[in-house]
file target.cif (mmCIF, C-alpha atoms)
data_coords
#
loop_
_atom_site.label_atom_id
_atom_site.label_comp_id
_atom_site.auth_asym_id
_atom_site.auth_seq_id
_atom_site.Cartn_x
_atom_site.Cartn_y
_atom_site.Cartn_z
CA MET A 1 17.38 -42.35 -26.61
CA ARG A 2 17.60 -43.37 -23.00
CA VAL A 3 15.07 -42.36 -20.32
CA ARG A 4 17.74 -40.34 -18.55
CA ASP A 5 18.40 -38.31 -21.71
CA VAL A 6 14.69 -37.51 -22.03
CA ILE A 7 14.55 -36.45 -18.37
CA MET A 8 17.64 -34.27 -18.70
CA SER A 9 16.19 -32.62 -21.85
CA GLY A 10 12.97 -31.90 -19.91
CA ILE A 11 14.91 -30.36 -17.04
CA LEU A 12 16.90 -28.16 -19.43
CA LEU A 13 13.67 -27.04 -21.13
CA LEU A 14 12.17 -26.11 -17.76
CA PHE A 15 15.36 -24.30 -16.80
CA PHE A 16 15.44 -22.13 -19.92
CA SER A 17 11.69 -21.43 -19.62
CA THR A 18 12.37 -20.17 -16.11
CA ILE A 19 15.04 -17.77 -17.35
CA ALA A 20 12.69 -16.52 -20.07
CA ALA A 21 9.88 -15.94 -17.56
CA ALA A 22 11.97 -13.89 -15.18
CA ASP A 23 12.10 -10.98 -17.64
CA ARG A 24 8.39 -10.90 -18.43
CA PRO A 25 6.29 -8.08 -16.86
CA LEU A 26 3.12 -9.13 -15.04
CA SER A 27 0.88 -6.52 -16.61
CA GLU A 28 1.10 -5.82 -20.30
CA ILE A 29 -1.56 -3.15 -20.69
CA GLY A 30 -2.34 -0.02 -18.75
CA HIS A 31 0.67 1.53 -17.14
CA PRO A 32 2.84 -1.40 -16.02
CA ALA A 33 4.90 -0.82 -12.89
CA VAL A 34 8.44 0.40 -13.45
CA GLY A 35 11.09 -1.88 -12.00
CA THR A 36 10.65 -5.15 -10.18
CA THR A 37 7.74 -5.29 -7.75
CA PHE A 38 7.31 -7.61 -4.77
CA THR A 39 4.71 -9.53 -6.78
CA ASP A 40 7.27 -10.09 -9.55
CA LEU A 41 9.71 -11.44 -6.98
CA VAL A 42 7.10 -13.80 -5.52
CA ARG A 43 6.27 -15.00 -9.02
CA ILE A 44 9.90 -15.68 -9.89
CA ALA A 45 10.44 -17.38 -6.51
CA THR A 46 7.36 -19.55 -7.17
CA ILE A 47 8.67 -20.55 -10.60
CA LEU A 48 12.09 -21.38 -9.16
CA ALA A 49 10.58 -23.33 -6.25
CA ALA A 50 8.43 -25.37 -8.64
CA PHE A 51 11.43 -26.00 -10.89
CA THR A 52 13.69 -27.01 -7.98
CA SER A 53 11.05 -29.27 -6.51
CA ILE A 54 10.43 -31.05 -9.84
CA VAL A 55 14.19 -31.55 -10.37
CA LEU A 56 14.64 -32.86 -6.81
CA ILE A 57 11.77 -35.33 -7.12
CA ILE A 58 13.11 -36.60 -10.46
CA TYR A 59 16.61 -36.86 -8.99
CA LEU A 60 15.40 -38.82 -5.97
CA GLN A 61 13.16 -41.03 -8.07
CA PHE A 62 15.53 -41.92 -10.91
CA PHE A 63 19.10 -41.16 -9.90
CA ARG A 64 19.26 -42.18 -6.23
CA ARG A 65 16.68 -44.91 -6.28
CA GLN A 66 18.88 -47.82 -5.30
CA GLN A 67 20.58 -46.13 -2.43
CA GLU A 68 19.55 -46.72 1.15
CA ILE A 69 17.13 -44.20 2.67
CA ASP A 70 19.22 -42.21 5.13
CA THR A 71 18.40 -39.07 7.10
CA GLY A 72 19.76 -36.77 4.40
CA ARG A 73 17.58 -38.34 1.79
CA LYS A 74 14.52 -38.07 4.05
CA TRP A 75 15.18 -34.35 4.43
CA LEU A 76 15.50 -34.04 0.65
CA TYR A 77 12.11 -35.76 0.32
CA PHE A 78 10.65 -33.43 2.93
CA ILE A 79 11.93 -30.37 1.04
CA ALA A 80 10.89 -31.69 -2.39
CA LEU A 81 7.49 -33.06 -1.40
CA PHE A 82 6.38 -30.66 1.29
CA MET A 83 8.28 -27.40 1.78
CA LEU A 84 8.74 -26.32 -1.84
CA PRO A 85 5.25 -27.43 -3.03
CA ALA A 86 3.69 -25.63 -0.05
CA PHE A 87 5.61 -22.50 -1.02
CA VAL A 88 4.42 -22.86 -4.61
CA MET A 89 0.83 -23.08 -3.37
CA PHE A 90 1.02 -19.98 -1.20
CA GLY A 91 3.19 -18.01 -3.62
CA GLY A 92 0.88 -18.91 -6.49
CA THR A 93 -2.17 -17.82 -4.53
CA TYR A 94 -0.51 -14.53 -3.60
CA PHE A 95 0.59 -13.49 -7.04
CA SER A 96 -2.57 -14.68 -8.76
CA LEU A 97 -4.60 -12.49 -6.37
CA GLU A 98 -2.27 -9.61 -7.22
CA GLU A 99 -2.46 -10.41 -10.93
CA PHE A 100 -6.22 -9.98 -10.82
CA LYS A 101 -5.79 -6.35 -9.83
CA ASN A 102 -4.32 -5.56 -13.24
CA VAL A 103 -6.37 -4.06 -16.04
CA ASP A 104 -5.57 -7.19 -18.11
CA ALA A 105 -7.72 -9.25 -15.77
CA CYS A 106 -10.77 -7.03 -16.29
CA MET A 107 -10.20 -6.82 -20.05
CA ASP A 108 -10.07 -10.61 -20.23
CA CYS A 109 -13.88 -10.51 -20.35
CA HIS A 110 -15.37 -9.47 -23.69
CA GLN A 111 -18.10 -7.50 -21.93
CA MET A 112 -15.55 -5.13 -20.43
CA HIS A 113 -13.98 -4.15 -23.77
CA PRO A 114 -16.18 -1.06 -24.39
CA PHE A 115 -15.04 0.35 -21.04
CA GLY A 116 -11.41 -0.41 -21.84
CA ALA A 117 -11.80 1.11 -25.31
CA ASP A 118 -13.20 4.32 -23.87
CA MET A 119 -10.52 4.47 -21.20
CA MET A 120 -7.43 3.50 -23.19
CA LEU A 121 -8.10 4.06 -26.87
CA ASN A 122 -10.50 7.01 -27.12
CA ARG A 123 -8.36 10.15 -26.85
CA GLU A 124 -11.41 12.41 -27.14
CA SER A 125 -13.40 10.81 -24.33
CA ASN A 126 -14.49 13.02 -21.47
CA THR A 127 -15.57 10.27 -19.11
CA LEU A 128 -14.03 10.30 -15.64
CA ALA A 129 -12.40 6.90 -16.18
CA ALA A 130 -10.77 8.03 -19.44
CA LYS A 131 -9.49 11.27 -17.93
CA HIS A 132 -8.06 9.44 -14.92
CA PHE A 133 -6.35 6.90 -17.16
CA ARG A 134 -5.07 9.35 -19.77
CA ASN A 135 -3.55 11.69 -17.22
CA ASN A 136 -2.14 8.86 -15.11
CA TRP A 137 -4.06 10.11 -12.07
CA VAL A 138 -4.21 6.49 -10.99
CA ASN A 139 -0.79 4.92 -11.43
CA ASP A 140 -1.69 1.25 -11.83
CA HIS A 141 -4.55 -1.21 -11.19
CA GLN A 142 -6.86 1.46 -12.65
CA CYS A 143 -10.10 -0.59 -12.56
CA TYR A 144 -9.35 -2.10 -9.16
CA SER A 145 -8.39 1.20 -7.52
CA CYS A 146 -11.77 2.83 -8.17
CA HIS A 147 -14.02 -0.21 -7.96
CA THR A 148 -12.73 -1.70 -4.74
CA GLY A 149 -13.68 -0.38 -1.34
CA TYR A 150 -10.74 0.56 0.83
CA GLY A 151 -9.76 -1.45 3.91
CA VAL A 152 -9.92 -5.19 4.61
CA ALA A 153 -13.68 -5.43 4.05
CA GLY A 154 -13.29 -3.86 0.60
CA THR A 155 -10.58 -6.33 -0.40
CA ILE A 156 -12.62 -9.33 0.76
CA GLN A 157 -15.74 -8.01 -0.99
CA SER A 158 -13.77 -7.50 -4.21
CA LYS A 159 -12.42 -11.07 -4.07
CA MET A 160 -15.98 -12.38 -3.54
CA ASP A 161 -17.14 -10.33 -6.52
CA GLY A 162 -14.17 -11.62 -8.52
CA LEU A 163 -15.18 -15.20 -7.80
CA ARG A 164 -18.73 -14.44 -8.90
CA HIS A 165 -17.41 -12.89 -12.13
CA LEU A 166 -15.13 -15.86 -12.73
CA TYR A 167 -18.05 -18.24 -12.23
CA GLY A 168 -20.09 -16.22 -14.74
CA ARG A 169 -17.18 -16.15 -17.20
CA VAL A 170 -16.57 -19.90 -17.05
CA THR A 171 -20.20 -21.07 -17.01
CA GLY A 172 -21.72 -18.27 -19.08
CA ILE A 173 -24.52 -17.98 -16.51
CA TYR A 174 -25.22 -14.35 -15.65
CA ASP A 175 -28.05 -11.83 -15.98
CA ARG A 176 -28.24 -9.84 -19.19
CA PRO A 177 -27.85 -6.94 -19.72
CA ILE A 178 -25.01 -6.71 -17.25
CA ARG A 179 -25.63 -4.08 -14.60
CA PHE A 180 -23.43 -2.72 -11.89
CA ARG A 181 -24.59 -4.50 -8.76
CA GLY A 182 -22.93 -2.73 -5.90
CA ASN A 183 -22.95 0.86 -4.82
CA PHE A 184 -20.09 3.24 -5.36
CA PRO A 185 -19.09 4.64 -1.95
CA ASN A 186 -17.73 8.17 -1.90
CA ALA A 187 -14.74 6.89 0.06
CA ASN A 188 -13.36 5.45 -3.18
CA CYS A 189 -13.08 8.98 -4.60
CA LEU A 190 -12.32 10.75 -1.33
CA THR A 191 -9.32 8.56 -0.51
CA CYS A 192 -7.39 10.49 -3.16
CA HIS A 193 -9.32 13.74 -3.47
CA ILE A 194 -10.17 14.85 0.05
CA GLY A 195 -7.72 17.37 1.44
CA GLY A 196 -6.44 18.24 -2.04
CA GLU A 197 -6.38 21.92 -2.98
CA LYS A 198 -8.53 21.44 -6.06
CA TYR A 199 -11.19 19.62 -4.04
CA GLU A 200 -11.18 21.90 -1.01
CA LYS A 201 -11.51 25.15 -2.94
CA VAL A 202 -14.89 24.12 -4.39
CA GLN A 203 -17.51 25.79 -2.18
CA ILE A 204 -20.12 23.05 -2.55
CA HIS A 205 -17.67 20.38 -1.36
CA ARG A 206 -17.20 22.32 1.87
CA SER A 207 -20.88 23.04 2.41
CA LEU A 208 -21.87 19.41 1.77
CA HIS A 209 -18.86 17.98 3.58
CA GLU A 210 -20.73 15.90 6.18
CA ARG A 211 -23.29 14.58 3.72
CA ILE A 212 -20.56 13.59 1.28
CA LEU A 213 -18.62 11.79 4.02
CA GLU A 214 -21.73 9.87 5.13
CA ASP A 215 -22.65 8.88 1.55
CA GLN A 216 -25.93 10.79 1.78
CA ILE A 217 -25.06 12.42 -1.50
CA SER A 218 -23.02 10.62 -4.12
CA CYS A 219 -20.04 12.14 -5.93
CA MET A 220 -21.61 10.72 -9.10
CA ARG A 221 -24.59 13.03 -8.72
CA CYS A 222 -22.48 15.94 -9.99
CA HIS A 223 -19.55 14.13 -11.63
CA GLY A 224 -21.74 11.52 -13.24
CA ASN A 225 -20.20 10.64 -16.58
CA VAL A 226 -17.92 7.89 -15.26
CA HIS A 227 -18.05 5.43 -18.15
CA PRO A 228 -19.64 5.81 -21.60
CA SER A 229 -23.42 5.52 -21.75
CA MET A 230 -25.08 2.58 -23.52
CA GLN A 231 -25.28 4.57 -26.79
CA HIS A 232 -21.58 5.45 -26.76
CA ARG A 233 -20.17 2.01 -26.02
CA TYR A 234 -18.40 0.17 -28.81
CA TYR A 235 -16.26 -2.92 -29.22
CA PRO A 236 -12.78 -1.97 -30.45
CA VAL A 237 -11.22 -3.56 -33.54
CA VAL A 238 -7.68 -3.30 -32.25
CA THR A 239 -6.59 -5.25 -29.22
CA TYR A 240 -5.24 -3.58 -26.10
CA ARG A 241 -1.88 -5.22 -26.61
CA GLY A 242 -1.30 -3.15 -29.73
CA GLY A 243 -2.02 -5.81 -32.38
CA GLU A 244 -4.81 -5.95 -34.94
CA MET B 1 3.02 -47.64 1.66
CA GLN B 2 5.42 -47.35 -1.26
CA TYR B 3 2.57 -46.97 -3.74
CA LEU B 4 1.10 -44.12 -1.67
CA LEU B 5 4.44 -42.33 -1.86
CA THR B 6 4.51 -42.89 -5.63
CA PHE B 7 1.00 -41.43 -5.91
CA ALA B 8 2.08 -38.45 -3.78
CA LYS B 9 5.06 -37.82 -6.05
CA GLY B 10 2.87 -38.12 -9.15
CA PHE B 11 0.27 -35.67 -7.86
CA ILE B 12 2.89 -33.20 -6.68
CA ILE B 13 4.84 -33.30 -9.95
CA LEU B 14 1.64 -32.82 -11.96
CA GLY B 15 0.54 -29.96 -9.70
CA LEU B 16 3.97 -28.34 -9.82
CA LEU B 17 4.09 -28.53 -13.60
CA LEU B 18 0.65 -26.89 -13.89
CA ALA B 19 1.60 -24.20 -11.37
CA PHE B 20 4.96 -23.73 -13.10
CA PHE B 21 3.44 -23.11 -16.52
CA ALA B 22 0.66 -20.97 -15.03
CA ALA B 23 3.28 -18.75 -13.42
CA LEU B 24 5.33 -18.74 -16.59
CA PHE B 25 2.54 -17.68 -18.95
CA THR B 26 0.75 -15.12 -16.83
CA GLY B 27 -2.71 -13.97 -17.78
CA PRO B 28 -6.03 -14.34 -15.98
CA GLY B 29 -7.46 -17.18 -18.12
CA PRO B 30 -4.78 -19.89 -18.09
CA LEU B 31 -3.36 -18.60 -14.85
CA THR B 32 -6.56 -19.23 -12.91
CA LEU B 33 -7.35 -22.62 -14.35
CA PHE B 34 -3.84 -24.07 -14.35
CA LEU B 35 -3.01 -22.67 -10.95
CA SER B 36 -6.25 -23.87 -9.38
CA PHE B 37 -5.87 -27.39 -10.72
CA GLY B 38 -2.17 -27.34 -9.87
CA GLN B 39 -2.88 -26.32 -6.31
CA ILE B 40 -5.49 -29.05 -5.90
CA PHE B 41 -3.03 -31.68 -7.15
CA ILE B 42 -0.25 -30.34 -4.92
CA LEU B 43 -2.58 -30.38 -1.92
CA ILE B 44 -3.62 -34.00 -2.56
CA GLY B 45 0.05 -34.95 -2.98
CA ILE B 46 1.13 -33.20 0.21
CA VAL B 47 -1.68 -34.84 2.21
CA LEU B 48 -0.70 -38.27 0.84
CA TYR B 49 2.98 -37.65 1.61
CA LEU B 50 2.28 -36.44 5.15
CA GLY B 51 0.03 -39.46 5.63
CA VAL B 52 2.91 -41.75 4.65
CA VAL B 53 5.33 -39.90 6.95
CA ILE B 54 2.97 -39.99 9.93
CA ARG B 55 2.22 -43.67 9.38
CA ASP B 56 5.93 -44.40 9.14
CA MET B 57 6.59 -42.52 12.36
CA LYS B 58 3.80 -44.39 14.13
CA ASP B 59 5.22 -47.73 12.92
CA ARG B 60 8.60 -46.79 14.31
CA ARG B 61 6.90 -45.53 17.52
CA VAL B 62 8.27 -42.03 17.02
CA LEU B 63 4.74 -40.68 17.35
#
call {"tool": "encode", "arguments": {"input": "target.cif", "output": "structure tokens"}}
result
Amino acid sequence: MRVRDVIMSGILLLFFSTIAAADRPLSEIGHPAVGTTFTDLVRIATILAAFTSIVLIIYLQFFRRQQEIDTGRKWLYFIALFMLPAFVMFGGTYFSLEEFKNVDACMDCHQMHPFGADMMLNRESNTLAAKHFRNNWVNDHQCYSCHTGYGVAGTIQSKMDGLRHLYGRVTGIYDRPIRFRGNFPNANCLTCHIGGEKYEKVQIHRSLHERILEDQISCMRCHGNVHPSMQHRYYPVVTYRGGE
Amino acid sequence: MQYLLTFAKGFIILGLLLAFFAALFTGPGPLTLFLSFGQIFILIGIVLYLGVVIRDMKDRRVL
């Protein structure tokens, strides 16, 4: 078998992998988004850019090697070695940051499974997280939506926390038992609830309005059962992807 | 200078392959590791390539 045949087989393999990937949803558990999202498009564009760049480099290296370097070929090099790889870098960063908002990302850590089990598998659970998930009160990114502060500062803080979690996951160095480090600002609840009829008609919400807004009194003080307590946590036998 | 360009191509192809498969098989574990390594390789390759281009331009007194 000649080298060119091997290269062509590799290119064909990459090409068919690309087609297979285009139909794959980003999130497989929780409530995956319906239709194609912008993140899906960026992911597919990143895959195609990587594929095109690899093919171009191979073409320039093996199939047009002997030819004189002209302006057209220099531009091809510029596209294959700079523009497309740079796009792959930025596109990859974008969709990986988006990917980490999915419930899959949180459930990737074994320690999070009891919370996922309560939220997604336990139909009898009365915890706030389970009720929100079961009733689809939060459409997608269920963990991220409640645990990330709103605004730019919240996003940056969540990415810093994510890096810390990743470091702990890879190295295995973290304090045990795991405890929630941050605080839970009322804004995370109020973003959806404030102004809603159900919220506004509760007398105590109106009388404590200022104190609730200024975080002087936490929503959790009255609506405390957010996740299962230590005694009620369990590790599920079934996986979240439906298999045993 | 030719060997620098070859190194650049090697790094970029390796990085692109890692990024390609990371994007193909999404999921936080492999995605993070493959993509991070892929991006590092791509970055090294791009820096090498731009180095070669700038040096070439200086030689030809374009810069």
call {"tool": "closest_residue", "arguments": {"input": "target.cif", "among": "B:Asp59, B:Leu35, B:Gly51, B:Ile44", "to": "chain A", "atoms": "all atoms listed in the file"}}
result
B:Leu35
call {"tool": "interface_residues", "arguments": {"input": "target.cif", "of": "chain B", "to": "chain A", "cutoff": "9 Å", "atoms": "all atoms listed in the file", "output": "PyMOL selection string"}}
result
chain B and resi 8-9+12-13+15-17+19-29+31-32+35-36+38-39+42-43+45-46+49-50
call {"tool": "resolve_selection", "arguments": {"input": "target.cif", "expression": "the PyMOL selection byres ((chain B and resi 1) around 9)", "output": "list in words"}}
result
Gln2, Tyr3, Leu4, Leu5, Thr6, Val52, Arg55 and Asp56 of chain B
call {"tool": "residues_around", "arguments": {"input": "target.cif", "residues": "Ser158 in chain A", "least_positions_apart": "3", "cutoff": "10 Å", "atoms": "only C-alpha atoms", "output": "list in words"}}
result
Lys101, Tyr144, His147, Thr148, Gly149, Tyr150, Val152, Ala153, Gly154, Thr155, Asp161, Gly162, Leu163 and Arg164 of chain A
call {"tool": "closest_residue", "arguments": {"input": "target.cif", "among": "A:Phe63, A:Trp75, A:Phe184, A:Tyr94", "to": "Ala45 in chain A", "atoms": "all atoms listed in the file"}}
result
A:Tyr94
call {"tool": "resolve_selection", "arguments": {"input": "target.cif", "expression": "the PyMOL selection byres ((chain A and resi 146) around 12)", "output": "NGL selection string"}}
result
:A and (101 or 103 or 128-129 or 132-133 or 137-145 or 147-150 or 154 or 158 or 183-192 or 226)
call {"tool": "atom_distance", "arguments": {"input": "target.cif", "atom1": "CA of Ser9 in chain A", "atom2": "CA of Gly10 in chain B"}}
result
19.2 Å
call {"tool": "atom_distance", "arguments": {"input": "target.cif", "atom1": "CA of Met230 in chain A", "atom2": "CA of Asn136 in chain A"}}
result
25.2 Å
call {"tool": "resolve_selection", "arguments": {"input": "target.cif", "expression": "the PyMOL selection byres ((chain A and resi 235) around 10)", "output": "PDB file with C-alpha atoms, in the frame of the given file"}}
result
ATOM      1  CA  HIS A 110     -15.370  -9.470 -23.690  1.00  0.00           C
ATOM      2  CA  GLN A 111     -18.100  -7.500 -21.930  1.00  0.00           C
ATOM      3  CA  MET A 112     -15.550  -5.130 -20.430  1.00  0.00           C
ATOM      4  CA  HIS A 113     -13.980  -4.150 -23.770  1.00  0.00           C
ATOM      5  CA  PRO A 114     -16.180  -1.060 -24.390  1.00  0.00           C
ATOM      6  CA  PHE A 115     -15.040   0.350 -21.040  1.00  0.00           C
ATOM      7  CA  GLY A 116     -11.410  -0.410 -21.840  1.00  0.00           C
ATOM      8  CA  ALA A 117     -11.800   1.110 -25.310  1.00  0.00           C
ATOM      9  CA  ASP A 118     -13.200   4.320 -23.870  1.00  0.00           C
ATOM     10  CA  ARG A 233     -20.170   2.010 -26.020  1.00  0.00           C
ATOM     11  CA  TYR A 234     -18.400   0.170 -28.810  1.00  0.00           C
ATOM     12  CA  PRO A 236     -12.780  -1.970 -30.450  1.00  0.00           C
ATOM     13  CA  VAL A 237     -11.220  -3.560 -33.540  1.00  0.00           C
ATOM     14  CA  VAL A 238      -7.680  -3.300 -32.250  1.00  0.00           C
ATOM     15  CA  THR A 239      -6.590  -5.250 -29.220  1.00  0.00           C
TER      16      THR A 239
END
call {"tool": "atom_distance", "arguments": {"input": "target.cif", "atom1": "CA of Gln231 in chain A", "atom2": "CA of Leu121 in chain A"}}
result
17.2 Å
call {"tool": "axis_aligned_box", "arguments": {"input": "target.cif", "around": "range 212-222 of chain A", "padding_each_side": "3 Å", "output": "lines of an AutoDock Vina configuration file"}}
result
center_x = -22.3
center_y = 12.4
center_z = -2.4
size_x = 13.3
size_y = 13.1
size_z = 21.1
call {"tool": "residues_near_point", "arguments": {"input": "target.cif", "point": "(18.9, -36.4, -0.4)", "cutoff": "6 Å", "atoms": "only C-alpha atoms", "output": "list of chain:residue names"}}
result
A:Gly72, A:Arg73, A:Leu76
